[in-house]
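Reviewing the structure listed below.
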Amino acid sequence: MNEDVNINLTGSVLYDFKGDKVEAKFVTLKAPTSKNISECAIMKQCFYKAVRFHQRNSDVEDTSPSPSGKLEDDGKLEAGDLMQMIYASDADTDKLFIAAKKLFKNNIMLFDGETTATLLMIENLPVDDFENIVGGYIVNFIVASII
Amino acid sequence: MSIALADASVEINNSPVAIVPNSITYTEGKGEQTMRSASSGGGSVEQVFSNNIEMNFSMVKFQLFNDIDSIEDARKWKTARNQNTVSISGKTPDGKKITRTFKQAAILNDYEVNLGSDTTIEIEFKSNPAV
């Protein structure tokens with residue numbers, strides 16, 4: 001739970017590094033502390049809402065695309081699957097992303113393992129990468145703390 | 001009709017900076033050139049153009065208000081020596097945009113921090129030519 005996690009970026013994002021503009025290759029995510037408890041609580045709540053929503057609807061005919069949800073198969077949940085689950089539920093994704101940005105700029109995210117992310121850098125991330133990072137954070141730090 | 005750009009934004013090392021309005025000035029870093037004349041006689045004059053690349057550095061300066069955050073930011077930029085990146089960008093209401101990036105920027109002088117009720121801090125960076 002306390003180990004840092006690296007997530008590769010697929011899109012192009014430039015940031016300032018030691019007097020130059022460089023392209024970020026990956027981000028490093030660090031474990032939260034109690035200083036980040038409000039943001040973690042929102043992420044946990046979104047996860048629980050997503051799980052409960054899908055459990056409630058599992059007996060009802062559902063035409064929306066269902067996530068591949070590998071949680072029951074091999075106990076491992078992928079970031080992309082988790083984000084699909086959250087999107088397909090009644091969880092407040094707007095609140096989730098605002099909490100994620102606030103969390104990440106609080107010394108939780110590093111670009112290329114070295115540069116602390118600022119709000120400007122986070123907002124320059126491509127949408128797909130940002131979603132993947134949020135999903136990856138929930139999988140590795142939030143869900144891991146529950147199981 | 002063209003519209004002057006008077007409210008450009010400044011970002012330094014991935015963070016936006018709140019500056020005193022109308023205080024940004026920069027140079028493109030194209031340096032200084034000289035033009036001399038050569039003559040092969042008979043009143044003819046040819047131009048001898050030369051570029052003094054010793055002057056090919058950009059300058060960007062602006063003023064900050066003397067609040068604690070700005071004072072601490074300026075100190076960090078000075079401590080970072082030439083490992084700063086300054087970006088200026090702006091857009092006019094007619095939709096035209098401009099961006100200039102100043103790499104390897106450094107504050108060379110020992111800038112003065114004026115602590116008064118209506119004072120400002122003048123910050124000047126020297127950097128590689130603007131891109």
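The chains in the structure tokens are called A, B, ... from first to last as shown; in each chain the residues are counted from 1, and the ligands are counted from 1 in the order shown.
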
Non-local contacts of Lys105 (chain A) (10 Å; only C-alpha atoms; under 3 positions in same chain excluded) as number ranges by chain: A: 100-102, 108-110, 116-122

Expected answer as a ChimeraX atom specification: chain B residues within 10 Å of chain A, only C-alpha atoms
/B:11-16,80-87,101-106,127-128

Sel. of helix (DSSP H, G or I) residues, region 22-57 of chain A, as a ChimeraX atom specification:
/A:34-56

Problem set entry | Surrounding residues of Val127 (chain A) excluding itself and chain neighbours under 6 positions, 12 Å, only C-alpha atoms, as a ChimeraX atom specification | /A:9-13,97,133-134

So that I have them on file, write out the residues from the current selection with N, CA, C and O atoms, as a short mmCIF file (atom, residue, chain, number, x, y, z; two decimals), in the first residue's frame.
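Okay, this is what ended up in result13.cif:
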```
data_model
loop_
_atom_site.label_atom_id
_atom_site.label_comp_id
_atom_site.auth_asym_id
_atom_site.auth_seq_id
_atom_site.Cartn_x
_atom_site.Cartn_y
_atom_site.Cartn_z
N LEU A 9 2.32 7.42 -19.63
CA LEU A 9 1.42 8.31 -20.34
C LEU A 9 1.38 7.95 -21.82
O LEU A 9 2.41 7.61 -22.41
N THR A 10 0.21 8.00 -22.41
CA THR A 10 0.09 7.66 -23.83
C THR A 10 0.09 8.91 -24.69
O THR A 10 0.54 8.90 -25.83
N GLY A 11 -0.41 10.02 -24.13
CA GLY A 11 -0.47 11.26 -24.89
C GLY A 11 0.78 12.10 -24.67
O GLY A 11 1.67 11.72 -23.93
N SER A 12 0.82 13.26 -25.33
CA SER A 12 1.99 14.13 -25.23
C SER A 12 1.69 15.28 -24.29
O SER A 12 0.69 15.98 -24.45
N VAL A 13 2.54 15.45 -23.28
CA VAL A 13 2.38 16.61 -22.42
C VAL A 13 3.76 17.17 -22.07
O VAL A 13 4.65 16.44 -21.64
N PHE A 97 -13.32 13.85 -9.90
CA PHE A 97 -12.19 14.43 -10.62
C PHE A 97 -11.66 15.69 -9.94
O PHE A 97 -10.46 15.95 -9.95
N ILE A 133 -5.05 7.60 -14.80
CA ILE A 133 -4.31 7.89 -13.56
C ILE A 133 -5.26 7.85 -12.36
O ILE A 133 -4.94 7.28 -11.31
N VAL A 134 -6.45 8.43 -12.52
CA VAL A 134 -7.42 8.42 -11.42
C VAL A 134 -7.80 6.97 -11.10
O VAL A 134 -7.82 6.55 -9.94
#
```

(message) Which residues are near region 45-49 of chain B? Cut-off 10 Å, only C-alpha atoms, ignore same chain within fewer than 5 positions. Put them as a list in words.
(response) Gln33, Thr34, Met35, Arg36, Ser37, Ala38, Ser39 and Ser40 of chain B

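Of the residues under consideration (B:Ser23, B:Thr92, B:Ser58, B:Ser50), B:Ser23 shows the shortest atom-to-atom contact distance to Thr120 (chain B) when counting only C-alpha atoms.
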
Min atom-atom distance to Asn114 (chain B) from the set B:Glu32, B:Thr25, B:Arg75, B:Asp67, counting only C-alpha atoms, belongs to B:Asp67
